[in-house]
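Everything below belongs to entry06.cif, which stores mmCIF, C-alpha atoms.
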data_model
#
loop_
_atom_site.label_atom_id
_atom_site.label_comp_id
_atom_site.auth_asym_id
_atom_site.auth_seq_id
_atom_site.Cartn_x
_atom_site.Cartn_y
_atom_site.Cartn_z
CA MET A 1 211.71 -105.00 -131.40
CA ASN A 2 210.60 -107.01 -134.43
CA GLN A 3 212.68 -109.85 -133.14
CA ASP A 4 210.95 -109.55 -129.77
CA SER A 5 207.58 -109.43 -131.44
CA GLU A 6 208.33 -112.53 -133.50
CA ASN A 7 209.53 -114.34 -130.40
CA PHE A 8 206.41 -113.35 -128.52
CA ASP A 9 204.32 -114.69 -131.39
CA SER A 10 206.21 -117.92 -131.13
CA LEU A 11 205.74 -117.90 -127.36
CA ARG A 12 202.01 -117.35 -127.80
CA GLN A 13 201.90 -120.30 -130.15
CA LEU A 14 203.51 -122.36 -127.44
CA LEU A 15 201.14 -121.01 -124.81
CA ALA A 16 198.25 -122.23 -126.96
CA LEU A 17 199.22 -125.66 -125.73
CA LYS A 18 197.87 -124.81 -122.33
CA ARG A 19 194.37 -124.38 -123.72
CA HIS A 20 194.42 -128.07 -124.54
CA GLU A 21 195.09 -129.15 -120.97
CA VAL A 22 191.74 -130.47 -119.86
CA PRO A 23 190.57 -132.20 -116.70
CA PRO A 24 189.29 -135.81 -116.83
CA PRO A 25 186.02 -136.40 -118.70
CA GLY A 26 182.94 -135.63 -116.62
CA TYR A 27 184.94 -133.50 -114.22
CA TYR A 28 182.82 -130.38 -114.66
CA ASP A 29 179.63 -132.30 -113.91
CA ARG A 30 181.17 -133.46 -110.65
CA LEU A 31 182.57 -130.02 -109.87
CA SER A 32 179.22 -128.25 -109.92
CA ARG A 33 177.61 -131.12 -108.01
CA ASP A 34 180.33 -131.00 -105.35
CA ILE A 35 180.03 -127.25 -105.03
CA MET A 36 176.27 -127.38 -104.61
CA ALA A 37 176.50 -130.30 -102.18
CA ARG A 38 178.96 -128.38 -100.02
CA ILE A 39 176.76 -125.30 -100.11
CA LYS A 40 173.66 -127.33 -99.18
CA ALA A 41 175.54 -129.03 -96.36
CA GLY A 42 176.21 -125.67 -94.79
CA HIS A 43 172.97 -124.00 -95.82
CA THR A 44 170.07 -124.75 -93.49
CA GLY A 45 168.34 -121.41 -93.12
CA ASN A 46 166.49 -119.33 -95.69
CA GLU A 47 168.68 -116.36 -95.00
CA LEU A 48 172.04 -116.44 -96.68
CA GLY A 49 174.85 -116.60 -94.18
CA ALA A 50 172.44 -117.26 -91.32
CA GLU A 51 173.94 -120.70 -90.80
CA LEU A 52 177.37 -119.29 -90.17
CA SER A 53 178.47 -118.66 -86.65
CA TRP A 54 179.80 -115.23 -85.74
CA PHE A 55 183.26 -116.74 -85.65
CA GLN A 56 182.97 -118.13 -89.20
CA ARG A 57 181.71 -114.79 -90.46
CA PHE A 58 184.60 -113.14 -88.64
CA LEU A 59 187.05 -115.43 -90.45
CA ASN A 60 185.30 -114.84 -93.76
CA VAL A 61 186.02 -111.14 -93.46
CA PHE A 62 189.71 -112.00 -93.29
CA ASP A 63 189.44 -114.11 -96.40
CA VAL A 64 187.73 -111.45 -98.49
CA LYS A 65 189.89 -108.59 -97.18
CA PRO A 66 193.26 -109.92 -95.98
CA ILE A 67 194.29 -106.46 -94.76
CA PHE A 68 191.90 -106.99 -91.84
CA ALA A 69 193.82 -110.12 -90.88
CA GLY A 70 197.00 -108.06 -90.64
CA ALA A 71 195.26 -105.37 -88.60
CA PHE A 72 193.76 -107.96 -86.26
CA GLY A 73 197.13 -109.68 -85.78
CA THR A 74 198.78 -106.35 -85.01
CA ALA A 75 196.07 -105.51 -82.47
CA VAL A 76 196.48 -108.87 -80.72
CA CYS A 77 200.27 -108.44 -80.56
CA ALA A 78 199.89 -104.92 -79.16
CA PHE A 79 197.46 -106.22 -76.53
CA LEU A 80 199.88 -108.96 -75.47
CA VAL A 81 202.86 -106.60 -75.25
CA THR A 82 200.82 -104.13 -73.21
CA GLY A 83 199.73 -106.94 -70.90
CA VAL A 84 203.30 -108.09 -70.34
CA ILE A 85 204.57 -104.55 -69.65
CA THR A 86 201.70 -103.83 -67.25
CA SER A 87 202.24 -107.05 -65.31
CA GLU A 88 205.93 -106.26 -64.89
CA ARG A 89 205.16 -102.87 -63.35
CA THR A 90 202.66 -104.25 -60.77
CA PRO A 91 204.15 -104.74 -57.19
CA ALA A 92 204.63 -108.42 -56.76
CA PHE A 93 204.75 -110.73 -53.74
CA ALA A 94 208.17 -111.74 -54.87
CA ALA A 95 209.52 -108.45 -53.59
CA GLY A 96 209.09 -109.76 -50.02
CA THR A 97 207.13 -106.79 -48.67
CA ALA A 98 203.62 -107.97 -49.20
CA THR A 99 203.45 -110.53 -46.38
CA PRO A 100 202.22 -109.38 -42.99
CA GLU A 101 204.73 -108.54 -40.28
CA GLY A 102 207.52 -109.21 -42.72
CA ALA A 103 207.24 -112.93 -42.01
CA THR A 104 208.56 -114.16 -45.22
CA LEU A 105 209.79 -117.60 -45.88
CA ALA A 106 213.31 -116.22 -45.92
CA ASN A 107 212.92 -114.84 -42.37
CA LEU A 108 211.49 -118.11 -41.10
CA SER A 109 214.37 -120.06 -42.42
CA ASN A 110 216.74 -117.74 -40.56
CA GLY A 111 215.34 -118.80 -37.21
CA ALA A 112 213.00 -115.90 -36.57
CA THR A 113 210.05 -116.57 -34.28
CA PRO A 114 206.89 -115.26 -35.83
CA GLU A 115 204.09 -114.13 -33.57
CA VAL A 116 200.48 -114.69 -34.53
CA GLU A 117 197.71 -112.86 -32.69
CA PHE A 118 194.34 -114.60 -32.14
CA ALA A 119 191.69 -112.37 -30.54
CA GLY A 120 193.97 -110.54 -28.24
CA THR A 121 196.11 -113.53 -27.30
CA THR A 122 199.56 -113.59 -28.64
CA VAL A 123 200.89 -116.97 -29.41
CA SER A 124 204.59 -117.13 -29.72
CA SER A 125 206.33 -119.95 -31.33
CA ASN A 126 209.65 -120.74 -29.76
CA ALA A 127 210.39 -123.61 -31.96
CA VAL A 128 213.31 -123.07 -34.19
CA VAL A 129 212.35 -123.73 -37.70
CA THR A 130 214.65 -126.14 -39.31
CA GLY A 131 214.77 -127.66 -42.65
CA SER A 132 211.54 -129.63 -42.40
CA LEU A 133 208.38 -129.47 -40.33
CA PHE A 134 208.74 -133.17 -39.54
CA ASP A 135 212.16 -132.82 -38.00
CA ASN A 136 210.71 -131.86 -34.57
CA LEU A 137 208.26 -134.72 -34.25
CA PRO A 138 209.15 -137.20 -31.47
CA SER A 139 210.45 -140.41 -32.78
CA LEU A 140 207.94 -143.22 -32.43
CA ARG A 141 208.97 -146.34 -30.65
CA THR A 142 207.07 -149.61 -30.15
CA THR A 143 206.87 -150.77 -26.48
CA PRO A 144 205.68 -154.32 -25.66
CA VAL A 145 202.80 -154.49 -23.15
CA THR A 146 202.09 -157.48 -20.91
CA TYR A 147 198.60 -158.28 -19.66
CA SER A 148 197.66 -160.96 -17.15
CA LEU A 149 194.13 -162.28 -17.00
CA GLY A 150 192.70 -163.73 -13.83
CA GLY A 151 193.41 -162.70 -10.29
CA ASN A 152 196.98 -163.75 -10.06
CA MET B 153 196.40 -107.16 -105.09
CA ARG B 154 194.08 -104.42 -103.96
CA GLU B 155 191.53 -106.70 -102.49
CA ALA B 156 189.92 -103.93 -100.48
CA THR B 157 188.54 -102.55 -103.73
CA LEU B 158 186.59 -105.64 -104.64
CA THR B 159 183.31 -104.80 -106.30
CA MET B 160 181.53 -106.34 -103.33
CA THR B 161 181.69 -102.91 -101.77
CA ASP B 162 180.76 -100.84 -104.80
CA PRO B 163 177.88 -98.59 -103.84
CA ILE B 164 174.94 -99.02 -106.19
CA PRO B 165 171.93 -96.88 -105.32
CA GLY B 166 168.41 -98.21 -105.32
CA LYS B 167 167.04 -101.69 -105.00
CA PRO B 168 169.33 -104.43 -106.27
CA GLY B 169 166.65 -105.93 -108.45
CA ASN B 170 165.65 -102.68 -110.11
CA ALA B 171 166.63 -102.83 -113.78
CA ALA B 172 166.97 -99.05 -114.00
CA ASP B 173 169.76 -99.14 -111.45
CA ARG B 174 171.86 -101.63 -113.36
CA PRO B 175 174.96 -100.51 -115.27
CA ALA B 176 174.40 -99.71 -118.94
CA GLU B 177 176.40 -102.70 -120.14
CA ILE B 178 174.12 -105.02 -118.17
CA GLN B 179 170.96 -103.36 -119.47
CA ALA B 180 172.10 -103.75 -123.08
CA ASP B 181 173.18 -107.39 -122.95
CA PRO B 182 170.41 -110.01 -122.61
CA ALA B 183 172.90 -112.51 -121.21
CA ALA B 184 173.91 -109.98 -118.58
CA VAL B 185 170.25 -109.36 -117.73
CA GLU B 186 169.73 -113.08 -117.31
CA GLU B 187 172.84 -113.26 -115.15
CA ALA B 188 171.57 -110.39 -113.01
CA GLU B 189 168.26 -112.24 -112.54
CA LEU B 190 170.10 -115.39 -111.51
CA VAL B 191 172.18 -113.41 -109.05
CA GLN B 192 169.05 -111.87 -107.53
CA ARG B 193 167.43 -115.27 -107.12
CA ALA B 194 170.62 -116.71 -105.65
CA ARG B 195 170.82 -113.82 -103.18
CA LYS B 196 167.39 -114.86 -101.93
CA GLY B 197 168.65 -118.39 -101.35
CA ASP B 198 167.65 -120.00 -104.65
CA LEU B 199 170.26 -122.72 -104.98
CA ALA B 200 169.08 -123.73 -108.45
CA ALA B 201 169.86 -120.22 -109.67
CA TYR B 202 173.30 -120.33 -108.14
CA ASP B 203 173.87 -123.74 -109.69
CA GLN B 204 173.25 -122.18 -113.09
CA LEU B 205 175.80 -119.48 -112.35
CA VAL B 206 178.30 -122.12 -111.25
CA GLN B 207 177.79 -124.14 -114.41
CA ARG B 208 178.14 -121.03 -116.50
CA TYR B 209 181.53 -120.02 -115.14
CA GLN B 210 183.10 -123.11 -113.57
CA GLU B 211 185.23 -123.98 -116.59
CA ARG B 212 186.83 -120.57 -116.81
CA ILE B 213 187.37 -120.30 -113.08
CA TYR B 214 188.82 -123.80 -112.84
CA ALA B 215 191.06 -123.24 -115.87
CA THR B 216 192.44 -119.99 -114.50
CA VAL B 217 193.23 -121.53 -111.13
CA TYR B 218 194.68 -124.60 -112.81
CA HIS B 219 197.01 -122.57 -115.03
CA MET B 220 198.11 -120.61 -111.98
CA THR B 221 198.85 -123.68 -109.86
CA SER B 222 199.72 -126.32 -112.50
CA ASN B 223 198.02 -128.75 -110.17
CA HIS B 224 194.60 -130.32 -110.79
CA GLU B 225 193.83 -131.18 -107.16
CA ASP B 226 194.70 -127.73 -105.90
CA ALA B 227 192.70 -126.14 -108.70
CA ASN B 228 189.71 -128.32 -107.85
CA ASP B 229 189.80 -127.30 -104.18
CA LEU B 230 190.34 -123.62 -104.91
CA ALA B 231 187.61 -123.45 -107.56
CA GLN B 232 185.13 -125.05 -105.17
CA GLU B 233 186.11 -122.71 -102.36
CA ALA B 234 185.81 -119.69 -104.63
CA PHE B 235 182.23 -120.55 -105.61
CA ILE B 236 181.26 -121.36 -102.02
CA LYS B 237 182.77 -118.09 -100.87
CA GLY B 238 180.91 -116.36 -103.68
CA PHE B 239 177.61 -117.80 -102.47
CA GLN B 240 178.27 -116.82 -98.87
CA ALA B 241 179.29 -113.30 -99.87
CA LEU B 242 176.50 -112.72 -102.40
CA LYS B 243 174.82 -110.27 -100.05
CA SER B 244 177.76 -107.95 -100.38
CA PHE B 245 177.67 -108.13 -104.19
CA LYS B 246 176.00 -104.91 -105.26
CA GLY B 247 176.11 -105.47 -109.01
CA GLY B 248 178.66 -102.77 -109.82
CA SER B 249 180.35 -105.22 -112.18
CA SER B 250 179.41 -108.56 -113.64
CA PHE B 251 179.09 -111.55 -111.36
CA TYR B 252 181.73 -113.17 -113.53
CA THR B 253 184.33 -110.49 -112.77
CA TRP B 254 183.39 -110.56 -109.10
CA VAL B 255 183.70 -114.32 -108.64
CA TYR B 256 186.84 -114.25 -110.75
CA ARG B 257 188.42 -111.87 -108.28
CA ILE B 258 187.48 -114.11 -105.38
CA ALA B 259 189.11 -117.06 -107.14
CA VAL B 260 192.21 -115.06 -108.04
CA ASN B 261 192.62 -113.74 -104.49
CA LYS B 262 192.22 -117.22 -103.05
CA THR B 263 194.71 -118.65 -105.52
CA ILE B 264 197.35 -116.00 -104.87
CA ASN B 265 196.99 -116.45 -101.10
CA PHE B 266 197.31 -120.20 -101.56
CA LEU B 267 200.40 -119.86 -103.75
CA LYS B 268 202.08 -117.60 -101.22
CA GLN B 269 201.52 -120.22 -98.53
CA ARG B 270 202.80 -123.12 -100.59
CA LYS B 271 205.87 -121.19 -101.79
CA ASN B 272 208.28 -124.05 -101.26
CA ARG B 273 206.02 -126.86 -102.41
CA SER B 274 205.59 -126.70 -106.15
CA GLN B 275 204.54 -130.16 -107.23
CA MET B 276 202.85 -130.24 -110.59
CA SER B 277 199.85 -132.41 -111.35
CA LEU B 278 199.11 -131.71 -114.97
CA ASN B 279 195.95 -132.49 -116.86
CA ASP B 280 196.13 -134.51 -120.05
CA LEU B 281 196.10 -132.78 -123.40
CA ASP B 282 192.89 -133.11 -125.32
CA PHE B 283 192.52 -134.83 -128.67
CA ASN B 284 192.58 -131.57 -130.61
CA ALA B 285 196.04 -130.55 -129.43
CA GLU B 286 197.78 -132.30 -132.28
CA HIS B 287 195.59 -130.52 -134.81
CA ASP B 288 195.86 -127.02 -133.38
CA PRO B 289 197.32 -124.83 -136.18
CA ASP B 290 199.55 -122.96 -133.71
CA LEU B 291 200.98 -126.17 -132.37
CA VAL B 292 201.31 -127.79 -135.77
CA ALA B 293 203.36 -124.80 -136.90
CA LEU B 294 205.36 -124.95 -133.74
CA ILE B 295 206.41 -128.57 -133.86
CA SER B 296 206.81 -128.89 -137.60
CA ASP B 297 209.81 -126.56 -137.79
CA LYS B 298 213.35 -127.87 -137.80
CA ASN B 299 214.39 -127.02 -134.29
CA PRO B 300 214.53 -128.75 -130.91
CA ARG B 301 210.75 -128.57 -130.59
CA ARG B 302 210.45 -131.13 -133.34
CA GLU B 303 212.10 -133.73 -131.20
CA ALA B 304 210.20 -132.74 -128.14
CA GLY B 305 206.83 -134.37 -127.80
CA LEU B 306 203.79 -132.38 -126.83
CA THR B 307 203.92 -133.79 -123.31
CA GLU B 308 207.50 -132.62 -122.84
CA LEU B 309 206.58 -129.20 -124.18
CA GLN B 310 203.66 -129.11 -121.79
CA GLU B 311 205.89 -129.88 -118.81
CA LYS B 312 208.50 -127.37 -119.85
CA LEU B 313 205.87 -124.71 -120.40
CA ASN B 314 204.33 -125.30 -117.00
CA GLU B 315 207.74 -125.19 -115.35
CA GLY B 316 208.34 -121.86 -117.03
CA MET B 317 204.97 -120.55 -115.86
CA GLN B 318 205.75 -121.57 -112.30
CA LYS B 319 208.96 -119.54 -112.41
CA LEU B 320 206.98 -116.34 -112.95
CA SER B 321 205.75 -114.31 -110.01
CA GLU B 322 202.02 -114.66 -109.27
CA PRO B 323 200.94 -111.35 -110.85
CA HIS B 324 202.94 -112.07 -114.01
CA ARG B 325 201.65 -115.61 -114.23
CA LEU B 326 198.14 -114.30 -113.80
CA VAL B 327 198.36 -111.81 -116.68
CA VAL B 328 199.80 -114.48 -118.97
CA THR B 329 197.05 -116.90 -117.96
CA LEU B 330 194.24 -114.40 -118.39
CA HIS B 331 195.53 -112.86 -121.62
CA ASP B 332 197.44 -115.51 -123.56
CA VAL B 333 195.63 -118.62 -122.35
CA GLN B 334 192.13 -117.41 -121.45
CA GLY B 335 192.01 -114.71 -124.10
CA LEU B 336 190.71 -111.89 -121.91
CA SER B 337 191.20 -108.28 -122.94
CA HIS B 338 193.53 -105.91 -121.14
CA GLU B 339 190.51 -104.04 -119.78
CA GLU B 340 188.96 -107.18 -118.30
CA ILE B 341 192.28 -108.19 -116.76
CA ALA B 342 192.70 -104.74 -115.26
CA LYS B 343 189.25 -105.03 -113.66
CA ILE B 344 189.98 -108.46 -112.27
CA MET B 345 193.41 -107.54 -110.94
CA GLY B 346 192.36 -104.13 -109.68
CA CYS B 347 195.09 -102.27 -111.53
CA ASN B 348 195.29 -100.03 -114.60
CA ILE B 349 195.71 -101.19 -118.18
CA GLY B 350 199.27 -99.86 -118.39
CA THR B 351 200.27 -102.13 -115.53
CA VAL B 352 198.68 -105.09 -117.28
CA ARG B 353 200.61 -104.35 -120.47
CA SER B 354 203.94 -103.89 -118.73
CA ARG B 355 203.44 -107.11 -116.76
CA LEU B 356 202.60 -108.95 -119.96
CA PHE B 357 205.75 -107.69 -121.63
CA TYR B 358 207.97 -108.55 -118.67
CA ALA B 359 206.39 -111.98 -118.28
CA GLY B 360 206.88 -112.60 -122.01
CA GLN B 361 210.56 -111.81 -121.72
CA GLN B 362 210.94 -114.09 -118.72
CA LEU B 363 209.17 -116.99 -120.41
CA GLN B 364 211.10 -116.42 -123.60
CA GLY B 365 214.36 -116.72 -121.71
CA PHE B 366 213.32 -119.91 -120.00
CA LEU B 367 211.87 -121.53 -123.11
CA ALA B 368 214.53 -120.28 -125.54
CA ASP B 369 215.35 -123.82 -126.68
CA TYR B 370 211.77 -124.39 -127.71
CA LEU B 371 211.23 -121.11 -129.54
CA LYS B 372 212.44 -120.00 -132.96
#
Let's see the structure in the file written out as structure tokens.
Amino acid sequence: MNQDSENFDSLRQLLALKRHEVPPPGYYDRLSRDIMARIKAGHTGNELGAELSWFQRFLNVFDVKPIFAGAFGTAVCAFLVTGVITSERTPAFAAGTATPEGATLANLSNGATPEVEFAGTTVSSNAVVTGSLFDNLPSLRTTPVTYSLGGN
Amino acid sequence: MREATLTMTDPIPGKPGNAADRPAEIQADPAAVEEAELVQRARKGDLAAYDQLVQRYQERIYATVYHMTSNHEDANDLAQEAFIKGFQALKSFKGGSSFYTWVYRIAVNKTINFLKQRKNRSQMSLNDLDFNAEHDPDLVALISDKNPRREAGLTELQEKLNEGMQKLSEPHRLVVTLHDVQGLSHEEIAKIMGCNIGTVRSRLFYAGQQLQGFLADYLK
């Protein structure tokens, strides 16, 4: 124990060296000036804290009491997980049952002929749906035309 | 750190400026009374009053942060942020303890959070030793003995010492800084760290053993 005590005394002598570590001359004058300049730059109102937006004040709470940051992060994560789970349980169009008359893209590609009703008139499409809508367009061809002016 | 127990939230009944509501230690000490007046003025937006508070405590706050980080630039930034945060949070300071202890805790919390973030980036930027270092009786005794310290210059000792400090955990480094470098009492350290005196003592002992092991070549 005495040995420990002596060694600690020696250690404390060594630690005294740290008290002699000093910043550059004039540093403390600049430090207080910088601090006050930064405070003035953000201090426009008479009321303390009035210049801070709600968001800055919100962040300040986290800085003073970091436990709130943890609680907030946990709440956000819980919200996200709940959102993901809820969205997975909602009936989706991908199931293929939400489209009217069961006219899904899959049915169309199988050659089905969907019927669309407009004010009592049923329009039936007999065209077989193929790979592309442009496949059934008539091919355009250029035909030369001859005109003759005058009576003959 | 039990940051939730910062004195910002200490309930103090009555008007903040009422002298009868101040703690006994503040009523008895003229310097504390003056500090309380400055705090009251600063709470009302008096920047000159806050400037006086900054000038009063900036050296101790900077030094503590510097000894924790072993980096002048980081200490500069953190000390500034601590005082700015102190100004912004003055409304929540009820006067349950001294302004000094309160702002100290802000600085310590900021520093510990910073050190946790920079875990893997420990680049030292040490201040120069002052002129008096060579004449300090402790240091004269230390380097005049016939052991490896004699060969080591003060600058080498300084680097080795800071390396050793950086190997300690943040709470252990803090107790060494506050007690052995800053000269604060166990009671003051307990208030700042939000723990009991027994914890401060045990941390001091453990930190001493750790440092002793690392600096064995430079000790008797």
Provide as a PyMOL selection string the residues of chain B at most 7 Å from chain A, counting all atoms listed in the file.
-> chain B and resi 155-156+197+203+206-207+232+236+240+279-282+285+290-291+294+310+332-333+360+364+371-372
Starting from the displayed file, determine the output of the PyMOL selection byres ((chain B and resi 363) around 9) and express the residue list as a list in words.
->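 Answer for the PyMOL selection byres ((chain B and resi 363) around 9): Leu11 of chain A; Leu313, Gly316, Met317, Lys319, Leu320, Tyr358, Ala359, Gly360, Gln361, Gln362, Gln364, Gly365, Phe366, Leu367 and Ala368 of chain B.
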In terms of only C-alpha atoms, the residue from B:Leu242, B:Ala201, B:Met345, B:Lys262 at minimal distance from Asp229 (chain B) is B:Lys262
Sorted by chain and rising residue number, which residues of region 288-357 of chain B lie within 9 Å of region 250-261 of chain B, and what are their closest atom pairs and distances in Å to one decimal, counting only C-alpha atoms, as a tab-separated table?
residue	atom	partner	partner_atom	distance
B:Leu326	CA	B:Val260	CA	8.3
B:Glu340	CA	B:Thr253	CA	7.9
B:Lys343	CA	B:Thr253	CA	7.4
B:Ile344	CA	B:Arg257	CA	5.5
B:Met345	CA	B:Arg257	CA	7.1
B:Gly346	CA	B:Arg257	CA	8.8
Between CA of Asn265 (chain B) and CA of Arg30 (chain A), measure the distance and give it in Å to one decimal.
->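 It comes out at 25.1 Å.
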Tell me which protein, DNA and RNA residues are within 9 Å of Ala227 (chain B), counting all atoms listed in the file, leaving out same-chain ones fewer than 5 positions away, and put them as a list in words.
->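 Selected residues are Tyr214, Ala215, Thr216, Val217, Tyr218, His219, Met220, Thr221, Ser222, Gln232 and Thr263 of chain B.
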Pull C-alpha atoms from the residues just selected and write them as a compact mmCIF listing (two decimals), in the coordinates of the input.
# COMPACT_ATOMS: atom_id res chain seq x y z
CA TYR B 214 188.82 -123.80 -112.84
CA ALA B 215 191.06 -123.24 -115.87
CA THR B 216 192.44 -119.99 -114.50
CA VAL B 217 193.23 -121.53 -111.13
CA TYR B 218 194.68 -124.60 -112.81
CA HIS B 219 197.01 -122.57 -115.03
CA MET B 220 198.11 -120.61 -111.98
CA THR B 221 198.85 -123.68 -109.86
CA SER B 222 199.72 -126.32 -112.50
CA GLN B 232 185.13 -125.05 -105.17
CA THR B 263 194.71 -118.65 -105.52
Any idea what the distance is between CA of Gly350 (chain B) and CA of Gln334 (chain B)?
->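 CA of Gly350 (chain B) sits 19.2 Å away from CA of Gln334 (chain B).
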For Thr307 (chain B), which of B:Val292, B:Ser321, B:Tyr370, B:Leu278 is the closest residue, counting only C-alpha atoms?
->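 Selected residue with least distance to Thr307 (chain B): B:Leu278.
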Rounded to one decimal place, report the CA of Leu306 (chain B)-CA of Arg353 (chain B) distance in Å.
->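 According to the coordinates, CA of Leu306 (chain B) and CA of Arg353 (chain B) are separated by 28.9 Å.
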